[in-house]
Amino acid sequence: MRIDLHSHSTASDGTEPPAEVVRRARQAGLDVLALTDHDTVAGLAEAEAALPDGLTLVAGMEMSCARDGLSIHLLAYLFDPADPELSAECARGRESRDSRGRLTVERLNALGVPITWEQVTALAGDAPVGRPHIARAMVAAGVIDDPAQAFTEEWIGGGGRAFVRRYAPDPVAAVRMVRAAGGVPVLAHPKAVQRGRTVSDALIAELAGAGLFGVEIDHADHDDAARAHLRGLAAELGLAATGSSDDHGDLTGHRLGAHTTDPEVYERMVAQATGATPVRRV
């Protein structure tokens with residue numbers, strides 16, 4: 001059984017609609033896929049309607065959190081999408097994305113970058129505006145050659161000239177909210193040095209004490225040393241180890257199934273969830 005627990009669609013900052021994501025997942029030989037768009041479950045209905053035979057869909061979301069200026073991402077699985085506290089928190093996060101996006105465009109304009117808010121929202125479609133949409137607009141304007149070049153101190157990376165912070169909940173509070181909504185929380189790519197500061201072992205231990213289920217270890221942004229360290233830490237803290245592609249379509253290269261999760265870990269995750277159940281087409 002091949003299980004990928006982290007993917008994105010045009011419901012957030014992926015480049016392909018949910019229906020295409022699930023189609024590609026089955027084509028890549030996956031048996032289970034979690035759709036985990038940023039702070040939203042808006043793509044799940046389309047993904048479920050288009051689910052190909054033989055593929056199980058896990059309802060998920062990637063929550064943006066922060067602690068002392070450090071951006072922390074929490075994967076939430078199989079929670080109740082109608083839970084009022086979690087729904088309100090995600091709505092607040094989406095509103096903050098919009099205001100941050102507008103201010104980021106203004107700062108880029110002041111730096112001579114010829115993009116408009118209208119161009120960025122056209123790329124985002126119905127999804128909340130994220131920095132990847134702004135990066136794609138910068139590519140279209142000829143300012144940079146690749147979206148990854150935007151995420152530096154020169155442009156919109158953490159601490160960059162046009163970087164704007166936005167609202168995000170503390171990760172401990174987010175873990176507790178996900179658990180209260182019947183879901184299962186997993187910390188996403190905590191040692192991805194390419195993204196800037198990494199999540200400390202002390203904070204991972206604090207999250208474990210708050211109810212964290214696992215840590216995403218096998219990820220494209222983790223080198224061998226980071227994976228070995230995280231496996232040892234997860235074992236010490238009693239946390240599950242997951243693996244995922246974090247596929248964003250064209251933005252990351254089509255890599256669904258590049259990293260996968262052990263079936264035993266997946267079964268334990270499903271057993272702990274009380275908010276929702278996986279959906280499968282036979």
# chains A, B, ... in the order shown; residues from 1 in each chain; ligands from 1
call {"tool": "select_by_dssp", "arguments": {"residues": "stretch 72-251 of chain A", "states": "alpha helix (DSSP H)", "output": "ChimeraX atom specification"}}
result
/A:84-110,117-124,131-140,171-180,201-210,224-237
call {"tool": "residues_around", "arguments": {"residues": "stretch 157-164 of chain A", "least_positions_apart": "4", "cutoff": "12 Å", "atoms": "only C-alpha atoms", "output": "VMD selection string"}}
result
chain A and resid 69 to 71 96 to 113 130 to 132 134 to 135 147 to 153 194 to 197
call {"tool": "write_last_selection", "arguments": {"atoms": "N, CA and C atoms", "output": "mmCIF file, in the first residue's frame"}}
result
data_model
loop_
_atom_site.group_PDB
_atom_site.id
_atom_site.type_symbol
_atom_site.label_atom_id
_atom_site.label_comp_id
_atom_site.auth_asym_id
_atom_site.auth_seq_id
_atom_site.Cartn_x
_atom_site.Cartn_y
_atom_site.Cartn_z
ATOM 1 N N GLY A 69 7.902 34.387 15.813
ATOM 2 C CA GLY A 69 8.298 34.761 14.459
ATOM 3 C C GLY A 69 8.650 33.597 13.557
ATOM 4 N N LEU A 70 8.608 32.379 14.071
ATOM 5 C CA LEU A 70 8.919 31.187 13.271
ATOM 6 C C LEU A 70 7.641 30.614 12.678
ATOM 7 N N SER A 71 7.604 30.445 11.367
ATOM 8 C CA SER A 71 6.466 29.836 10.694
ATOM 9 C C SER A 71 6.503 28.326 10.891
ATOM 10 N N SER A 96 -6.278 36.803 6.899
ATOM 11 C CA SER A 96 -4.950 37.367 7.093
ATOM 12 C C SER A 96 -4.082 37.181 5.853
ATOM 13 N N ARG A 97 -4.255 36.063 5.155
ATOM 14 C CA ARG A 97 -3.515 35.844 3.906
ATOM 15 C C ARG A 97 -3.844 36.939 2.890
ATOM 16 N N ASP A 98 -5.114 37.295 2.817
ATOM 17 C CA ASP A 98 -5.535 38.307 1.858
ATOM 18 C C ASP A 98 -4.889 39.652 2.163
ATOM 19 N N SER A 99 -4.957 40.085 3.412
ATOM 20 C CA SER A 99 -4.387 41.390 3.766
ATOM 21 C C SER A 99 -2.869 41.386 3.613
ATOM 22 N N ARG A 100 -2.228 40.265 3.963
ATOM 23 C CA ARG A 100 -0.781 40.184 3.772
ATOM 24 C C ARG A 100 -0.424 40.242 2.300
ATOM 25 N N GLY A 101 -1.211 39.557 1.474
ATOM 26 C CA GLY A 101 -0.918 39.556 0.042
ATOM 27 C C GLY A 101 -0.975 40.949 -0.547
ATOM 28 N N ARG A 102 -1.989 41.719 -0.167
ATOM 29 C CA ARG A 102 -2.114 43.084 -0.685
ATOM 30 C C ARG A 102 -0.914 43.931 -0.280
ATOM 31 N N LEU A 103 -0.521 43.834 0.983
ATOM 32 C CA LEU A 103 0.610 44.630 1.455
ATOM 33 C C LEU A 103 1.917 44.179 0.810
ATOM 34 N N THR A 104 2.056 42.869 0.578
ATOM 35 C CA THR A 104 3.258 42.359 -0.085
ATOM 36 C C THR A 104 3.379 42.925 -1.497
ATOM 37 N N VAL A 105 2.279 42.945 -2.236
ATOM 38 C CA VAL A 105 2.292 43.510 -3.583
ATOM 39 C C VAL A 105 2.677 44.985 -3.535
ATOM 40 N N GLU A 106 2.159 45.705 -2.558
ATOM 41 C CA GLU A 106 2.507 47.128 -2.423
ATOM 42 C C GLU A 106 4.002 47.304 -2.167
ATOM 43 N N ARG A 107 4.565 46.474 -1.316
ATOM 44 C CA ARG A 107 6.000 46.573 -1.027
ATOM 45 C C ARG A 107 6.835 46.214 -2.250
ATOM 46 N N LEU A 108 6.387 45.196 -2.992
ATOM 47 C CA LEU A 108 7.110 44.840 -4.216
ATOM 48 C C LEU A 108 7.028 45.969 -5.240
ATOM 49 N N ASN A 109 5.869 46.590 -5.362
ATOM 50 C CA ASN A 109 5.729 47.732 -6.271
ATOM 51 C C ASN A 109 6.708 48.836 -5.906
ATOM 52 N N ALA A 110 6.869 49.084 -4.604
ATOM 53 C CA ALA A 110 7.800 50.117 -4.148
ATOM 54 C C ALA A 110 9.246 49.764 -4.490
ATOM 55 N N LEU A 111 9.507 48.464 -4.666
ATOM 56 C CA LEU A 111 10.848 47.997 -5.053
ATOM 57 C C LEU A 111 11.007 47.919 -6.570
ATOM 58 N N GLY A 112 9.975 48.345 -7.298
ATOM 59 C CA GLY A 112 10.049 48.363 -8.757
ATOM 60 C C GLY A 112 9.536 47.125 -9.447
ATOM 61 N N VAL A 113 8.856 46.226 -8.711
ATOM 62 C CA VAL A 113 8.326 45.001 -9.315
ATOM 63 C C VAL A 113 6.961 45.315 -9.938
ATOM 64 N N GLY A 130 -1.711 33.216 -1.590
ATOM 65 C CA GLY A 130 -0.518 32.841 -0.841
ATOM 66 C C GLY A 130 0.722 33.387 -1.521
ATOM 67 N N ARG A 131 1.845 33.339 -0.833
ATOM 68 C CA ARG A 131 3.080 33.831 -1.432
ATOM 69 C C ARG A 131 3.450 33.122 -2.737
ATOM 70 N N PRO A 132 3.145 31.820 -2.904
ATOM 71 C CA PRO A 132 3.448 31.193 -4.197
ATOM 72 C C PRO A 132 2.727 31.855 -5.370
ATOM 73 N N ILE A 134 2.056 35.056 -5.573
ATOM 74 C CA ILE A 134 2.832 36.272 -5.826
ATOM 75 C C ILE A 134 4.132 35.926 -6.550
ATOM 76 N N ALA A 135 4.766 34.833 -6.153
ATOM 77 C CA ALA A 135 6.002 34.407 -6.809
ATOM 78 C C ALA A 135 5.749 34.085 -8.282
ATOM 79 N N PRO A 147 9.827 30.490 -9.414
ATOM 80 C CA PRO A 147 9.159 30.927 -8.189
ATOM 81 C C PRO A 147 10.013 30.804 -6.937
ATOM 82 N N ALA A 148 10.893 29.815 -6.887
ATOM 83 C CA ALA A 148 11.729 29.628 -5.699
ATOM 84 C C ALA A 148 12.612 30.838 -5.425
ATOM 85 N N GLN A 149 12.966 31.579 -6.477
ATOM 86 C CA GLN A 149 13.829 32.747 -6.304
ATOM 87 C C GLN A 149 13.143 33.873 -5.535
ATOM 88 N N ALA A 150 11.815 33.821 -5.452
ATOM 89 C CA ALA A 150 11.094 34.854 -4.702
ATOM 90 C C ALA A 150 11.257 34.675 -3.203
ATOM 91 N N PHE A 151 11.504 33.425 -2.780
ATOM 92 C CA PHE A 151 11.528 33.133 -1.348
ATOM 93 C C PHE A 151 12.932 33.302 -0.769
ATOM 94 N N THR A 152 13.457 34.506 -0.943
ATOM 95 C CA THR A 152 14.770 34.870 -0.441
ATOM 96 C C THR A 152 14.657 36.204 0.286
ATOM 97 N N GLU A 153 15.731 36.608 0.936
ATOM 98 C CA GLU A 153 15.737 37.893 1.639
ATOM 99 C C GLU A 153 15.644 39.064 0.658
ATOM 100 N N GLN A 194 15.924 24.909 4.130
ATOM 101 C CA GLN A 194 15.726 25.801 2.990
ATOM 102 C C GLN A 194 14.656 26.846 3.282
ATOM 103 N N ARG A 195 13.775 26.557 4.233
ATOM 104 C CA ARG A 195 12.668 27.450 4.534
ATOM 105 C C ARG A 195 13.022 28.486 5.590
ATOM 106 N N GLY A 196 14.272 28.475 6.070
ATOM 107 C CA GLY A 196 14.693 29.416 7.105
ATOM 108 C C GLY A 196 14.909 28.692 8.421
ATOM 109 N N ARG A 197 14.532 29.317 9.526
ATOM 110 C CA ARG A 197 14.684 28.714 10.841
ATOM 111 C C ARG A 197 13.895 27.406 10.927
#
call {"tool": "select_by_dssp", "arguments": {"residues": "stretch 224-282 of chain A", "states": "strand (DSSP E)", "output": "mmCIF file with all heavy atoms, in the first residue's frame"}}
result
data_model
loop_
_atom_site.group_PDB
_atom_site.id
_atom_site.type_symbol
_atom_site.label_atom_id
_atom_site.label_comp_id
_atom_site.auth_asym_id
_atom_site.auth_seq_id
_atom_site.Cartn_x
_atom_site.Cartn_y
_atom_site.Cartn_z
ATOM 1 N N ALA A 240 4.692 9.214 15.814
ATOM 2 C CA ALA A 240 4.729 8.472 14.562
ATOM 3 C C ALA A 240 5.588 9.205 13.539
ATOM 4 O O ALA A 240 5.705 10.438 13.574
ATOM 5 C CB ALA A 240 3.317 8.285 14.022
ATOM 6 N N ALA A 241 6.168 8.462 12.606
ATOM 7 C CA ALA A 241 6.966 9.032 11.515
ATOM 8 C C ALA A 241 6.184 8.905 10.218
ATOM 9 O O ALA A 241 5.778 7.808 9.842
ATOM 10 C CB ALA A 241 8.298 8.295 11.395
ATOM 11 N N THR A 242 5.953 10.009 9.543
ATOM 12 C CA THR A 242 5.239 9.975 8.269
ATOM 13 C C THR A 242 6.150 10.421 7.131
ATOM 14 O O THR A 242 7.190 11.029 7.353
ATOM 15 C CB THR A 242 3.978 10.868 8.290
ATOM 16 O OG1 THR A 242 4.364 12.254 8.298
ATOM 17 C CG2 THR A 242 3.102 10.572 9.499
ATOM 18 N N GLY A 243 5.703 10.113 5.906
ATOM 19 C CA GLY A 243 6.410 10.547 4.712
ATOM 20 C C GLY A 243 5.417 11.028 3.689
ATOM 21 O O GLY A 243 4.340 10.428 3.539
ATOM 22 N N VAL A 279 -12.426 8.242 2.502
ATOM 23 C CA VAL A 279 -13.401 7.901 1.472
ATOM 24 C C VAL A 279 -12.687 7.086 0.404
ATOM 25 O O VAL A 279 -11.611 7.462 -0.055
ATOM 26 C CB VAL A 279 -14.012 9.173 0.845
ATOM 27 C CG1 VAL A 279 -14.981 8.816 -0.277
ATOM 28 C CG2 VAL A 279 -14.736 9.994 1.913
ATOM 29 N N ARG A 280 -13.319 5.998 -0.027
ATOM 30 C CA ARG A 280 -12.664 5.123 -1.019
ATOM 31 C C ARG A 280 -13.621 4.768 -2.135
ATOM 32 O O ARG A 280 -14.796 4.518 -1.923
ATOM 33 C CB ARG A 280 -12.163 3.840 -0.350
ATOM 34 C CG ARG A 280 -11.439 2.904 -1.325
ATOM 35 C CD ARG A 280 -10.843 1.715 -0.625
ATOM 36 N NE ARG A 280 -10.192 0.795 -1.547
ATOM 37 C CZ ARG A 280 -8.984 0.952 -2.061
ATOM 38 N NH1 ARG A 280 -8.278 2.019 -1.735
ATOM 39 N NH2 ARG A 280 -8.461 0.064 -2.887
#
call {"tool": "closest_residue", "arguments": {"among": "A:Gly209, A:Gly43, A:Gly257, A:Gly183", "to": "A:Ser244", "atoms": "only C-alpha atoms"}}
result
A:Gly257
call {"tool": "atom_distance", "arguments": {"atom1": "atom CA of A:Arg179", "atom2": "atom CA of A:Gln272"}}
result
9.5 Å
